[in-house]
$ cat protein.json   # JSON, C-alpha atoms
[["chain", "number", "residue", "atom", "x", "y", "z"],
["V", 1035, "MET", "CA", 20.13, -22.54, 49.94],
["V", 1036, "THR", "CA", 19.88, -19.12, 48.51],
["V", 1037, "LEU", "CA", 16.59, -17.53, 47.90],
["V", 1038, "SER", "CA", 16.19, -16.11, 44.45],
["V", 1039, "THR", "CA", 13.85, -13.18, 44.39],
["V", 1040, "ILE", "CA", 12.53, -11.14, 41.52],
["V", 1041, "ASN", "CA", 12.63, -7.47, 42.16],
["V", 1042, "ILE", "CA", 9.44, -5.96, 40.90],
["V", 1043, "THR", "CA", 10.10, -2.37, 40.10],
["V", 1044, "ASP", "CA", 7.73, 0.51, 39.67],
["V", 1045, "ARG", "CA", 8.39, 0.25, 35.95],
["V", 1046, "ASP", "CA", 7.03, -3.30, 35.84],
["V", 1047, "HIS", "CA", 3.84, -2.13, 37.48],
["V", 1048, "GLN", "CA", 3.48, 0.61, 34.89],
["V", 1049, "ILE", "CA", 4.02, -1.89, 32.07],
["V", 1050, "ALA", "CA", 1.42, -4.24, 33.53],
["V", 1051, "LYS", "CA", -1.16, -1.49, 33.89],
["V", 1052, "LEU", "CA", -0.63, -0.10, 30.41],
["V", 1053, "SER", "CA", -0.67, -3.59, 28.85],
["V", 1054, "ALA", "CA", -3.94, -4.32, 30.61],
["V", 1055, "ILE", "CA", -5.52, -1.21, 29.09],
["V", 1056, "ALA", "CA", -4.13, -2.09, 25.66],
["V", 1057, "VAL", "CA", -5.52, -5.64, 25.88],
["V", 1058, "ALA", "CA", -8.91, -4.29, 26.95],
["V", 1059, "LEU", "CA", -8.98, -1.92, 23.98],
["V", 1060, "SER", "CA", -8.05, -4.76, 21.59],
["V", 1061, "LEU", "CA", -10.87, -6.88, 22.97],
["V", 1062, "ILE", "CA", -13.36, -4.03, 22.60],
["V", 1063, "GLU", "CA", -12.21, -3.56, 19.03],
["V", 1064, "PHE", "CA", -12.56, -7.29, 18.34],
["V", 1065, "PHE", "CA", -16.24, -7.24, 19.22],
["V", 1066, "PHE", "CA", -17.07, -4.25, 17.03],
["V", 1067, "PRO", "CA", -17.90, -5.18, 13.46],
["V", 1068, "SER", "CA", -15.80, -3.30, 10.94],
["V", 1069, "PRO", "CA", -17.37, -1.89, 7.76],
["V", 1070, "ILE", "CA", -14.64, -3.32, 5.51],
["V", 1071, "PRO", "CA", -13.42, -6.82, 6.41],
["V", 1072, "GLY", "CA", -9.79, -6.74, 7.48],
["V", 1073, "VAL", "CA", -9.70, -3.02, 8.23],
["V", 1074, "LYS", "CA", -9.45, -2.27, 11.93],
["V", 1075, "PRO", "CA", -8.75, 1.06, 13.61],
["V", 1076, "GLY", "CA", -6.16, -0.38, 16.01],
["V", 1077, "ILE", "CA", -7.19, 1.66, 19.03],
["V", 1078, "ALA", "CA", -4.82, -0.31, 21.27],
["V", 1079, "ASN", "CA", -2.01, 1.52, 19.50],
["V", 1080, "ILE", "CA", -3.13, 4.70, 21.23],
["V", 1081, "ILE", "CA", -1.88, 3.19, 24.49],
["V", 1082, "ILE", "CA", 1.39, 2.05, 22.91],
["V", 1083, "LEU", "CA", 2.04, 5.48, 21.44],
["V", 1084, "TYR", "CA", 1.17, 7.01, 24.79],
["V", 1085, "THR", "CA", 3.64, 4.70, 26.53],
["V", 1086, "ILE", "CA", 6.42, 5.50, 24.08],
["V", 1087, "PHE", "CA", 6.00, 9.24, 24.47],
["V", 1088, "LYS", "CA", 5.27, 9.32, 28.18],
["V", 1089, "PHE", "CA", 8.04, 6.85, 29.09],
["V", 1090, "ASP", "CA", 10.38, 5.43, 26.45],
["V", 1091, "LEU", "CA", 10.60, 3.09, 23.49],
["V", 1092, "ARG", "CA", 11.71, 0.06, 25.52],
["V", 1093, "MET", "CA", 8.55, 0.21, 27.54],
["V", 1094, "GLY", "CA", 6.50, 0.65, 24.38],
["V", 1095, "ILE", "CA", 8.03, -2.53, 22.96],
["V", 1096, "TRP", "CA", 7.13, -4.42, 26.14],
["V", 1097, "VAL", "CA", 3.54, -3.17, 26.13],
["V", 1098, "SER", "CA", 3.09, -3.85, 22.42],
["V", 1099, "LEU", "CA", 4.37, -7.44, 22.54],
["V", 1100, "ILE", "CA", 2.51, -8.28, 25.76],
["V", 1101, "ARG", "CA", -0.64, -6.92, 24.17],
["V", 1102, "VAL", "CA", -0.21, -9.13, 21.06],
["V", 1103, "PHE", "CA", 0.43, -12.30, 23.09],
["V", 1104, "VAL", "CA", -2.22, -11.78, 25.76],
["V", 1105, "THR", "CA", -4.93, -10.75, 23.28],
["V", 1106, "SER", "CA", -4.28, -13.80, 21.13],
["V", 1107, "ILE", "CA", -4.43, -16.12, 24.14],
["V", 1108, "LEU", "CA", -7.67, -14.55, 25.35],
["V", 1109, "LEU", "CA", -9.29, -14.78, 21.93],
["V", 1110, "GLY", "CA", -7.98, -18.28, 21.27],
["V", 1111, "THR", "CA", -5.97, -17.33, 18.19],
["V", 1112, "PHE", "CA", -2.54, -18.01, 19.66],
["V", 1113, "LEU", "CA", -0.16, -19.39, 16.97],
["V", 1114, "SER", "CA", -2.85, -19.13, 14.30],
["V", 1115, "PRO", "CA", -2.44, -16.98, 11.16],
["V", 1116, "THR", "CA", -4.31, -14.13, 12.87],
["V", 1117, "PHE", "CA", -1.73, -14.13, 15.65],
["V", 1118, "PHE", "CA", 1.19, -14.08, 13.22],
["V", 1119, "LEU", "CA", -0.43, -11.25, 11.30],
["V", 1120, "SER", "CA", -0.77, -9.10, 14.37],
["V", 1121, "LEU", "CA", 2.71, -10.10, 15.60],
["V", 1122, "SER", "CA", 4.35, -9.21, 12.30],
["V", 1123, "GLY", "CA", 2.47, -5.92, 12.21],
["V", 1124, "ALA", "CA", 3.59, -5.08, 15.74],
["V", 1125, "LEU", "CA", 7.21, -6.10, 15.11],
["V", 1126, "PHE", "CA", 7.46, -4.13, 11.89],
["V", 1127, "SER", "CA", 5.98, -0.98, 13.39],
["V", 1128, "LEU", "CA", 8.26, -1.23, 16.43],
["V", 1129, "PHE", "CA", 11.23, -1.77, 14.15],
["V", 1130, "SER", "CA", 10.32, 1.28, 12.08],
["V", 1131, "LEU", "CA", 10.04, 3.35, 15.26],
["V", 1132, "LEU", "CA", 13.46, 2.05, 16.30],
["V", 1133, "ILE", "CA", 14.93, 3.21, 12.99],
["V", 1134, "PHE", "CA", 13.26, 6.62, 13.06],
["V", 1135, "ARG", "CA", 13.63, 7.31, 16.78],
["V", 1136, "ASN", "CA", 16.31, 9.93, 16.17],
["V", 1137, "LEU", "CA", 14.02, 12.29, 14.25],
["V", 1138, "SER", "CA", 14.29, 15.62, 15.99],
["V", 1139, "PRO", "CA", 11.28, 16.31, 18.24],
["V", 1140, "LYS", "CA", 11.55, 19.96, 17.27],
["V", 1141, "TYR", "CA", 10.06, 19.28, 13.83],
["V", 1142, "PHE", "CA", 8.43, 15.90, 14.21],
["V", 1143, "SER", "CA", 5.68, 15.20, 16.70],
["V", 1144, "LEU", "CA", 4.08, 11.85, 17.43],
["V", 1145, "ILE", "CA", 1.87, 12.23, 14.35],
["V", 1146, "SER", "CA", 4.86, 11.45, 12.14],
["V", 1147, "PHE", "CA", 5.81, 8.47, 14.24],
["V", 1148, "SER", "CA", 2.26, 7.15, 14.19],
["V", 1149, "LEU", "CA", 2.03, 7.44, 10.42],
["V", 1150, "ILE", "CA", 5.41, 5.75, 9.90],
["V", 1151, "ALA", "CA", 4.47, 2.94, 12.26],
["V", 1152, "SER", "CA", 1.05, 2.42, 10.66],
["V", 1153, "LEU", "CA", 2.63, 2.15, 7.21],
["V", 1154, "ALA", "CA", 5.20, -0.32, 8.55],
["V", 1155, "HIS", "CA", 2.37, -2.30, 10.16],
["V", 1156, "ILE", "CA", 0.64, -2.70, 6.79],
["V", 1157, "ALA", "CA", 3.94, -3.57, 5.12],
["V", 1158, "GLY", "CA", 4.66, -6.30, 7.67],
["V", 1159, "GLN", "CA", 1.21, -7.80, 7.43],
["V", 1160, "PHE", "CA", 1.28, -7.77, 3.67],
["V", 1161, "MET", "CA", 4.63, -9.54, 3.61],
["V", 1162, "ILE", "CA", 3.22, -12.34, 5.78],
["V", 1163, "VAL", "CA", 0.10, -12.55, 3.62],
["V", 1164, "ARG", "CA", 2.05, -12.52, 0.36],
["V", 1165, "PHE", "CA", 4.71, -15.07, 1.31],
["V", 1166, "TRP", "CA", 2.74, -17.39, 3.54],
["V", 1167, "ILE", "CA", -1.05, -17.14, 3.65],
["V", 1168, "ILE", "CA", -2.03, -16.17, 0.08],
["V", 1169, "PRO", "CA", 1.07, -16.57, -2.12],
["V", 1170, "HIS", "CA", -0.34, -14.77, -5.12],
["V", 1171, "ASN", "CA", 0.31, -11.33, -6.57],
["V", 1172, "GLY", "CA", -3.44, -10.68, -6.88],
["V", 1173, "ILE", "CA", -3.63, -9.47, -3.28],
["V", 1174, "PHE", "CA", -1.63, -6.36, -4.13],
["V", 1175, "TYR", "CA", -4.82, -5.13, -5.75],
["V", 1176, "LEU", "CA", -6.18, -4.62, -2.21],
["V", 1177, "LEU", "CA", -3.12, -2.72, -0.97],
["V", 1178, "PRO", "CA", -4.37, 0.85, -1.67],
["V", 1179, "ILE", "CA", -7.41, 0.28, 0.55],
["V", 1180, "PHE", "CA", -5.18, -0.76, 3.43],
["V", 1181, "ILE", "CA", -2.71, 2.08, 2.87],
["V", 1182, "ILE", "CA", -5.52, 4.64, 2.90],
["V", 1183, "SER", "CA", -7.01, 3.16, 6.07],
["V", 1184, "ALA", "CA", -3.54, 3.11, 7.66],
["V", 1185, "PHE", "CA", -3.22, 6.81, 6.90],
["V", 1186, "ILE", "CA", -6.62, 7.70, 8.35],
["V", 1187, "PHE", "CA", -6.34, 5.60, 11.50],
["V", 1188, "GLY", "CA", -2.68, 6.48, 12.04],
["V", 1189, "LEU", "CA", -3.61, 10.15, 12.00],
["V", 1190, "VAL", "CA", -6.67, 9.74, 14.22],
["V", 1191, "ASN", "CA", -4.80, 7.61, 16.76],
["V", 1192, "ALA", "CA", -1.97, 10.14, 16.87],
["V", 1193, "LEU", "CA", -4.35, 13.03, 17.47],
["V", 1194, "VAL", "CA", -6.13, 11.14, 20.24],
["V", 1195, "THR", "CA", -2.78, 10.31, 21.83],
["V", 1196, "SER", "CA", -1.56, 13.90, 21.71],
["V", 1197, "LYS", "CA", -4.82, 14.98, 23.37],
["V", 1198, "LEU", "CA", -4.32, 12.29, 26.04],
["V", 1199, "LEU", "CA", -0.74, 13.37, 26.71],
["V", 1200, "LYS", "CA", -1.84, 16.98, 26.99],
["V", 1201, "LEU", "CA", -4.62, 16.13, 29.44],
["V", 1202, "ASN", "CA", -2.22, 14.05, 31.48],
["V", 1203, "SER", "CA", 0.51, 16.70, 31.68],
["V", 1204, "LYS", "CA", -1.96, 19.27, 33.02],
["V", 1205, "LYS", "CA", -2.61, 17.25, 36.16],
["G", 711, "MET", "CA", -15.31, 32.29, 16.26],
["G", 712, "ILE", "CA", -14.66, 29.86, 19.06],
["G", 713, "LEU", "CA", -14.99, 27.00, 16.63],
["G", 714, "ILE", "CA", -12.43, 28.54, 14.25],
["G", 715, "LYS", "CA", -10.05, 29.11, 17.15],
["G", 716, "LYS", "CA", -10.45, 25.52, 18.24],
["G", 717, "ILE", "CA", -9.78, 24.25, 14.74],
["G", 718, "LEU", "CA", -6.65, 26.42, 14.49],
["G", 719, "GLN", "CA", -5.48, 25.14, 17.85],
["G", 720, "PHE", "CA", -6.09, 21.65, 16.61],
["G", 721, "PHE", "CA", -3.83, 22.22, 13.62],
["G", 722, "LYS", "CA", -1.08, 23.69, 15.79],
["G", 723, "VAL", "CA", -0.39, 20.20, 17.13],
["G", 724, "ILE", "CA", 0.90, 19.24, 13.67],
["G", 725, "LYS", "CA", 4.50, 20.40, 13.26],
["G", 726, "THR", "CA", 6.47, 21.17, 10.09],
["G", 727, "GLY", "CA", 7.98, 17.72, 9.83],
["G", 728, "ASP", "CA", 4.57, 16.18, 10.31],
["G", 729, "TRP", "CA", 3.23, 18.05, 7.29],
["G", 730, "PHE", "CA", 6.18, 16.72, 5.35],
["G", 731, "ILE", "CA", 5.38, 13.15, 6.40],
["G", 732, "ILE", "CA", 1.66, 13.64, 5.70],
["G", 733, "ILE", "CA", 2.34, 14.96, 2.20],
["G", 734, "LEU", "CA", 4.81, 12.14, 1.56],
["G", 735, "PHE", "CA", 2.23, 9.61, 2.73],
["G", 736, "CYS", "CA", -0.48, 11.11, 0.48],
["G", 737, "ALA", "CA", 1.90, 11.01, -2.49],
["G", 738, "PHE", "CA", 2.63, 7.38, -1.69],
["G", 739, "ILE", "CA", -1.10, 6.63, -1.58],
["G", 740, "ILE", "CA", -1.67, 8.26, -4.96],
["G", 741, "ILE", "CA", 1.32, 6.55, -6.58],
["G", 742, "SER", "CA", 0.48, 3.11, -5.22],
["G", 743, "THR", "CA", -3.19, 3.46, -6.20],
["G", 744, "LYS", "CA", -2.26, 4.49, -9.73],
["G", 745, "PHE", "CA", 0.33, 1.77, -10.03],
["G", 746, "LEU", "CA", -1.67, -1.08, -8.51],
["G", 747, "TRP", "CA", -5.08, -0.24, -9.90],
["G", 748, "ASN", "CA", -3.86, 0.35, -13.41],
["G", 749, "LEU", "CA", -5.49, -2.37, -15.47],
["G", 750, "PRO", "CA", -4.17, -3.02, -18.99],
["G", 751, "GLN", "CA", -6.03, -1.38, -21.85],
["G", 752, "GLY", "CA", -8.10, -3.63, -24.06],
["G", 753, "GLU", "CA", -7.03, -4.54, -27.59],
["G", 754, "TYR", "CA", -9.84, -6.66, -29.00],
["G", 755, "LEU", "CA", -13.57, -6.96, -28.60],
["G", 756, "GLU", "CA", -15.35, -10.29, -28.53],
["G", 757, "ILE", "CA", -19.08, -10.42, -29.16],
["G", 758, "TYR", "CA", -21.01, -13.41, -27.86],
["G", 759, "LYS", "CA", -24.50, -14.47, -28.83],
["G", 760, "ASN", "CA", -26.08, -17.08, -26.60],
["G", 761, "ASN", "CA", -22.63, -17.90, -25.16],
["G", 762, "GLU", "CA", -21.17, -18.63, -28.57],
["G", 763, "ILE", "CA", -18.52, -16.40, -29.95],
["G", 764, "LEU", "CA", -19.92, -14.45, -32.86],
["G", 765, "ALA", "CA", -17.11, -12.15, -33.90],
["G", 766, "THR", "CA", -13.88, -10.51, -32.79],
["G", 767, "TYR", "CA", -13.07, -6.94, -33.70],
["G", 768, "SER", "CA", -10.11, -4.69, -33.13],
["G", 769, "LEU", "CA", -10.82, -1.78, -30.81],
["G", 770, "ASN", "CA", -8.77, 0.62, -32.91],
["G", 771, "GLN", "CA", -11.58, 1.77, -35.15],
["G", 772, "LYS", "CA", -14.66, 3.93, -35.09],
["G", 773, "ILE", "CA", -17.62, 1.93, -36.21],
["G", 774, "THR", "CA", -21.15, 0.89, -35.21],
["G", 775, "LYS", "CA", -21.98, -2.81, -35.38],
["G", 776, "ILE", "CA", -25.52, -4.10, -35.64],
["G", 777, "ILE", "CA", -26.11, -7.56, -34.19],
["G", 778, "ASN", "CA", -29.30, -9.56, -34.31],
["G", 779, "GLY", "CA", -30.09, -11.06, -30.93],
["G", 780, "ALA", "CA", -32.98, -13.09, -29.58],
["G", 781, "LYS", "CA", -35.30, -10.08, -29.36],
["G", 782, "GLY", "CA", -34.04, -7.77, -32.03],
["G", 783, "GLU", "CA", -31.22, -5.53, -33.11],
["G", 784, "THR", "CA", -28.47, -4.43, -30.75],
["G", 785, "LYS", "CA", -26.20, -1.61, -31.83],
["G", 786, "ILE", "CA", -22.66, -1.55, -30.43],
["G", 787, "ASN", "CA", -20.38, 1.46, -30.79],
["G", 788, "ILE", "CA", -16.64, 0.98, -31.04],
["G", 789, "ASP", "CA", -14.75, 4.25, -30.65],
["G", 790, "ASN", "CA", -10.95, 4.00, -30.71],
["G", 791, "GLY", "CA", -10.32, 1.85, -27.66],
["G", 792, "LYS", "CA", -13.69, 1.94, -25.92],
["G", 793, "VAL", "CA", -17.00, 0.17, -26.45],
["G", 794, "ARG", "CA", -20.61, 0.68, -25.45],
["G", 795, "PHE", "CA", -24.08, -0.65, -26.14],
["G", 796, "TYR", "CA", -25.72, 2.08, -28.15],
["G", 797, "SER", "CA", -29.21, 0.68, -28.42],
["G", 798, "ALA", "CA", -30.83, -2.56, -27.36],
["G", 799, "PRO", "CA", -34.35, -4.00, -27.46],
["G", 800, "CYS", "CA", -34.33, -5.05, -23.80],
["G", 801, "ALA", "CA", -36.70, -3.48, -21.24],
["G", 802, "LYS", "CA", -34.37, -2.28, -18.50],
["G", 803, "LYS", "CA", -31.40, -1.17, -20.62],
["G", 804, "TYR", "CA", -28.81, -2.21, -18.05],
["G", 805, "CYS", "CA", -26.35, -2.86, -20.87],
["G", 806, "ILE", "CA", -26.68, 0.71, -22.15],
["G", 807, "HIS", "CA", -26.45, 2.24, -18.66],
["G", 808, "GLN", "CA", -23.12, 0.54, -18.11],
["G", 809, "GLY", "CA", -21.65, 3.08, -20.50],
["G", 810, "TRP", "CA", -18.24, 2.97, -22.09],
["G", 811, "VAL", "CA", -15.78, 0.23, -21.14],
["G", 812, "ASN", "CA", -12.15, 0.15, -22.18],
["G", 813, "LYS", "CA", -10.14, -2.07, -19.78],
["G", 814, "ALA", "CA", -9.13, -5.67, -20.44],
["G", 815, "ASN", "CA", -11.52, -8.28, -19.01],
["G", 816, "GLN", "CA", -14.41, -5.84, -18.68],
["G", 817, "THR", "CA", -17.71, -7.30, -19.81],
["G", 818, "ILE", "CA", -21.19, -6.07, -20.63],
["G", 819, "ILE", "CA", -24.02, -8.57, -20.73],
["G", 820, "CYS", "CA", -27.51, -8.11, -22.08],
["G", 821, "ILE", "CA", -29.49, -11.11, -20.96],
["G", 822, "PRO", "CA", -32.88, -10.47, -22.65],
["G", 823, "ASN", "CA", -31.27, -10.13, -26.05],
["G", 824, "GLN", "CA", -28.66, -12.85, -25.26],
["G", 825, "ILE", "CA", -25.78, -10.67, -26.43],
["G", 826, "SER", "CA", -22.64, -10.05, -24.42],
["G", 827, "ILE", "CA", -19.35, -8.40, -25.19],
["G", 828, "SER", "CA", -16.02, -8.67, -23.44],
["G", 829, "ILE", "CA", -12.74, -6.90, -23.98],
["G", 830, "ILE", "CA", -9.54, -8.85, -24.46],
["G", 831, "GLY", "CA", -6.13, -7.42, -23.64],
["G", 832, "ALA", "CA", -2.95, -7.94, -25.63],
["G", 833, "LYS", "CA", -2.34, -11.07, -23.58],
["G", 834, "ARG", "CA", -5.00, -13.03, -21.79],
["G", 835, "LYS", "CA", -5.22, -12.59, -18.05],
["G", 836, "TYR", "CA", -6.92, -14.91, -15.62],
["G", 837, "ASP", "CA", -10.56, -14.15, -15.07],
["G", 838, "SER", "CA", -10.51, -15.80, -11.65],
["G", 839, "ILE", "CA", -7.88, -16.66, -9.13],
["G", 840, "ASN", "CA", -7.73, -19.99, -7.32],
["G", 841, "TYR", "CA", -5.64, -20.68, -4.30]]
$ encode --input "protein.json" --output "structure tokens"
Amino acid sequence: MTLSTINITDRDHQIAKLSAIAVALSLIEFFFPSPIPGVKPGIANIIILYTIFKFDLRMGIWVSLIRVFVTSILLGTFLSPTFFLSLSGALFSLFSLLIFRNLSPKYFSLISFSLIASLAHIAGQFMIVRFWIIPHNGIFYLLPIFIISAFIFGLVNALVTSKLLKLNSKK
Amino acid sequence: MILIKKILQFFKVIKTGDWFIIILFCAFIIISTKFLWNLPQGEYLEIYKNNEILATYSLNQKITKIINGAKGETKINIDNGKVRFYSAPCAKKYCIHQGWVNKANQTIICIPNQISISIIGAKRKYDSINY
């Protein structure tokens, strides 16, 4: 009988650590009340952006999806509309990053990527809401609020991440 | 001085392409807000007294209407597409403070005098959404 072993690489350890931080940040965010219902800063995305720029996009995809699944299981929203909203947001923003990953780093820093991903996140969530949860055109009336908040939080998250990366490269 | 330096340093993080994306994003915000929050202009004015329709007027005129309510005379100005309560016998004057209205489905209500007006667009829209 042959023994099948799983080789756990250093990379897996990194993914696990970063996902744990991302999950913790999502949980912290969950317990803070938000001033406008439905608008959340998405501070876990700081870790995902950090992962993408410190390591690579593949690792970012891992961390992002693990974060979505683990957070939903911990909060008891697994396979509920909330879960599908966050999953579609994550998938759309990762997909947009995949499309735009060839933007030259000479002119575009992570601020651009963060803004693109935040817009894609809103687009993905709105598609799910429009076609599944509330199939009515009336919800598009709320879209500007979400686009503006995506802009603000995308920018803030990007600036925090660039500060983090700078602090980390000094060590 | 140190603060200005710090702020400048802060802006150095943003590269040329980032400014491009930021400006594009802002333009998108402005366009989507204009496009999605653009309610249709009103066409007609309906005046209600005690929940019964009293009269319907076109908004394309400049005229002052005097309506007798439960407490006295209410004057309503119509001015080429917009409407306001000009004077009312009520105590708090909420109806007057609401100012001009011009969008379809906007309403002004004066409860003490039992007079309310609402603007009707070219085609009727839903005043509530059920799902």
$ closest_atom_pairs --input "protein.json" --of "chain V" --to "chain G" --cutoff "12 Å" --atoms "all atoms listed in the file" --output "JSON lines"
{"residue": "V:Leu1137", "atom": "CA", "partner": "G:Gly727", "partner_atom": "CA", "distance": 9.2}
{"residue": "V:Ser1138", "atom": "CA", "partner": "G:Gly727", "partner_atom": "CA", "distance": 9.1}
{"residue": "V:Pro1139", "atom": "CA", "partner": "G:Gly727", "partner_atom": "CA", "distance": 9.1}
{"residue": "V:Lys1140", "atom": "CA", "partner": "G:Lys725", "partner_atom": "CA", "distance": 8.1}
{"residue": "V:Tyr1141", "atom": "CA", "partner": "G:Gly727", "partner_atom": "CA", "distance": 4.8}
{"residue": "V:Phe1142", "atom": "CA", "partner": "G:Gly727", "partner_atom": "CA", "distance": 4.8}
{"residue": "V:Ser1143", "atom": "CA", "partner": "G:Lys725", "partner_atom": "CA", "distance": 6.3}
{"residue": "V:Leu1144", "atom": "CA", "partner": "G:Asp728", "partner_atom": "CA", "distance": 8.3}
{"residue": "V:Ile1145", "atom": "CA", "partner": "G:Asp728", "partner_atom": "CA", "distance": 6.3}
{"residue": "V:Ser1146", "atom": "CA", "partner": "G:Asp728", "partner_atom": "CA", "distance": 5.1}
{"residue": "V:Phe1147", "atom": "CA", "partner": "G:Asp728", "partner_atom": "CA", "distance": 8.7}
{"residue": "V:Ser1148", "atom": "CA", "partner": "G:Asp728", "partner_atom": "CA", "distance": 10.1}
{"residue": "V:Leu1149", "atom": "CA", "partner": "G:Ile731", "partner_atom": "CA", "distance": 7.7}
{"residue": "V:Ile1150", "atom": "CA", "partner": "G:Ile731", "partner_atom": "CA", "distance": 8.2}
{"residue": "V:Ala1151", "atom": "CA", "partner": "G:Ile731", "partner_atom": "CA", "distance": 11.8}
{"residue": "V:Ser1152", "atom": "CA", "partner": "G:Phe735", "partner_atom": "CA", "distance": 10.8}
{"residue": "V:Leu1153", "atom": "CA", "partner": "G:Phe735", "partner_atom": "CA", "distance": 8.7}
{"residue": "V:Ala1154", "atom": "CA", "partner": "G:Phe735", "partner_atom": "CA", "distance": 11.9}
{"residue": "V:Trp1166", "atom": "CA", "partner": "G:Tyr841", "partner_atom": "CA", "distance": 11.9}
{"residue": "V:Ile1167", "atom": "CA", "partner": "G:Tyr841", "partner_atom": "CA", "distance": 9.8}
{"residue": "V:Ile1168", "atom": "CA", "partner": "G:Tyr841", "partner_atom": "CA", "distance": 7.2}
{"residue": "V:Pro1169", "atom": "CA", "partner": "G:Tyr841", "partner_atom": "CA", "distance": 8.2}
{"residue": "V:His1170", "atom": "CA", "partner": "G:Tyr841", "partner_atom": "CA", "distance": 8.0}
{"residue": "V:Asn1171", "atom": "CA", "partner": "G:Ile839", "partner_atom": "CA", "distance": 10.1}
{"residue": "V:Gly1172", "atom": "CA", "partner": "G:Ile839", "partner_atom": "CA", "distance": 7.8}
{"residue": "V:Ile1173", "atom": "CA", "partner": "G:Leu746", "partner_atom": "CA", "distance": 10.1}
{"residue": "V:Phe1174", "atom": "CA", "partner": "G:Leu746", "partner_atom": "CA", "distance": 6.9}
{"residue": "V:Tyr1175", "atom": "CA", "partner": "G:Leu746", "partner_atom": "CA", "distance": 5.8}
{"residue": "V:Leu1176", "atom": "CA", "partner": "G:Leu746", "partner_atom": "CA", "distance": 8.5}
{"residue": "V:Leu1177", "atom": "CA", "partner": "G:Leu746", "partner_atom": "CA", "distance": 7.9}
{"residue": "V:Pro1178", "atom": "CA", "partner": "G:Thr743", "partner_atom": "CA", "distance": 5.4}
{"residue": "V:Ile1179", "atom": "CA", "partner": "G:Thr743", "partner_atom": "CA", "distance": 8.6}
{"residue": "V:Phe1180", "atom": "CA", "partner": "G:Ile739", "partner_atom": "CA", "distance": 9.8}
{"residue": "V:Ile1181", "atom": "CA", "partner": "G:Ile739", "partner_atom": "CA", "distance": 6.6}
{"residue": "V:Ile1182", "atom": "CA", "partner": "G:Ile739", "partner_atom": "CA", "distance": 6.6}
{"residue": "V:Ser1183", "atom": "CA", "partner": "G:Ile739", "partner_atom": "CA", "distance": 10.3}
{"residue": "V:Ala1184", "atom": "CA", "partner": "G:Phe735", "partner_atom": "CA", "distance": 10.0}
{"residue": "V:Phe1185", "atom": "CA", "partner": "G:Phe735", "partner_atom": "CA", "distance": 7.4}
{"residue": "V:Ile1186", "atom": "CA", "partner": "G:Ile732", "partner_atom": "CA", "distance": 10.5}
{"residue": "V:Gly1188", "atom": "CA", "partner": "G:Ile732", "partner_atom": "CA", "distance": 10.5}
{"residue": "V:Leu1189", "atom": "CA", "partner": "G:Ile732", "partner_atom": "CA", "distance": 8.9}
{"residue": "V:Ala1192", "atom": "CA", "partner": "G:Ile724", "partner_atom": "CA", "distance": 10.1}
{"residue": "V:Leu1193", "atom": "CA", "partner": "G:Val723", "partner_atom": "CA", "distance": 8.2}
{"residue": "V:Val1194", "atom": "CA", "partner": "G:Phe720", "partner_atom": "CA", "distance": 11.1}
{"residue": "V:Thr1195", "atom": "CA", "partner": "G:Val723", "partner_atom": "CA", "distance": 11.2}
{"residue": "V:Ser1196", "atom": "CA", "partner": "G:Val723", "partner_atom": "CA", "distance": 7.9}
{"residue": "V:Lys1197", "atom": "CA", "partner": "G:Val723", "partner_atom": "CA", "distance": 9.3}
{"residue": "V:Leu1199", "atom": "CA", "partner": "G:Val723", "partner_atom": "CA", "distance": 11.8}
{"residue": "V:Lys1200", "atom": "CA", "partner": "G:Val723", "partner_atom": "CA", "distance": 10.5}
$ atom_distance --input "protein.json" --atom1 "atom CA of V:Gly1158" --atom2 "atom CA of V:Phe1089"
25.4 Å
$ residues_around --input "protein.json" --residues "G:Arg794" --least-positions-apart "2" --cutoff "6 Å" --atoms "all atoms listed in the file" --output "PyMOL selection string"
chain G and resi 786-787+796+809-810
$ write_last_selection --input "protein.json" --atoms "C-alpha atoms" --output "PDB file, in the frame of the given file"
ATOM      1  CA  ILE G 786     -22.660  -1.550 -30.430  1.00  0.00           C
ATOM      2  CA  ASN G 787     -20.380   1.460 -30.790  1.00  0.00           C
ATOM      3  CA  TYR G 796     -25.720   2.080 -28.150  1.00  0.00           C
ATOM      4  CA  GLY G 809     -21.650   3.080 -20.500  1.00  0.00           C
ATOM      5  CA  TRP G 810     -18.240   2.970 -22.090  1.00  0.00           C
TER       6      TRP G 810
END
$ atom_distance --input "protein.json" --atom1 "atom CA of V:Val1057" --atom2 "atom CA of V:Ile1080"
11.6 Å
$ residues_around --input "protein.json" --residues "G:Ser826" --least-positions-apart "3" --cutoff "6 Å" --atoms "all atoms listed in the file" --output "MDAnalysis selection string"
chainID G and resid 757:758 818:820
$ residues_around --input "protein.json" --residues "V:Leu1052" --least-positions-apart "6" --cutoff "8 Å" --atoms "only C-alpha atoms" --output "PyMOL selection string"
chain V and resi 1081+1085+1097
$ atom_distance --input "protein.json" --atom1 "atom CA of G:Asn812" --atom2 "atom CA of G:Tyr754"
9.9 Å
$ closest_residue --input "protein.json" --among "G:Leu755, G:Ile821, G:Ala801, G:Ala814" --to "G:Asp789" --atoms "only C-alpha atoms"
G:Leu755
$ residues_around --input "protein.json" --residues "G:Leu769" --least-positions-apart "3" --cutoff "10 Å" --atoms "only C-alpha atoms" --output "VMD selection string"
chain G and resid 752 to 756 766 772 to 773 788 to 793 812 829 to 830
$ closest_residue --input "protein.json" --among "V:Arg1164, V:Arg1101, V:Arg1135, V:Lys1074" --to "V:Asn1191" --atoms "only C-alpha atoms"
V:Lys1074
$ closest_residue --input "protein.json" --among "G:Pro799, G:Lys813, G:Ala780, G:Lys775" --to "G:Asn760" --atoms "only C-alpha atoms"
G:Ala780
$ residues_around --input "protein.json" --residues "V:Thr1116" --least-positions-apart "5" --cutoff "12 Å" --atoms "all atoms listed in the file" --output "list in words"
Gly1072, Val1102, Phe1103, Thr1105, Ser1106, Ile1107, Leu1109, Gly1110, Thr1111, Leu1121, Ser1122, Gly1123, Gln1159, Ile1162, Val1163 and Ile1167 of chain V
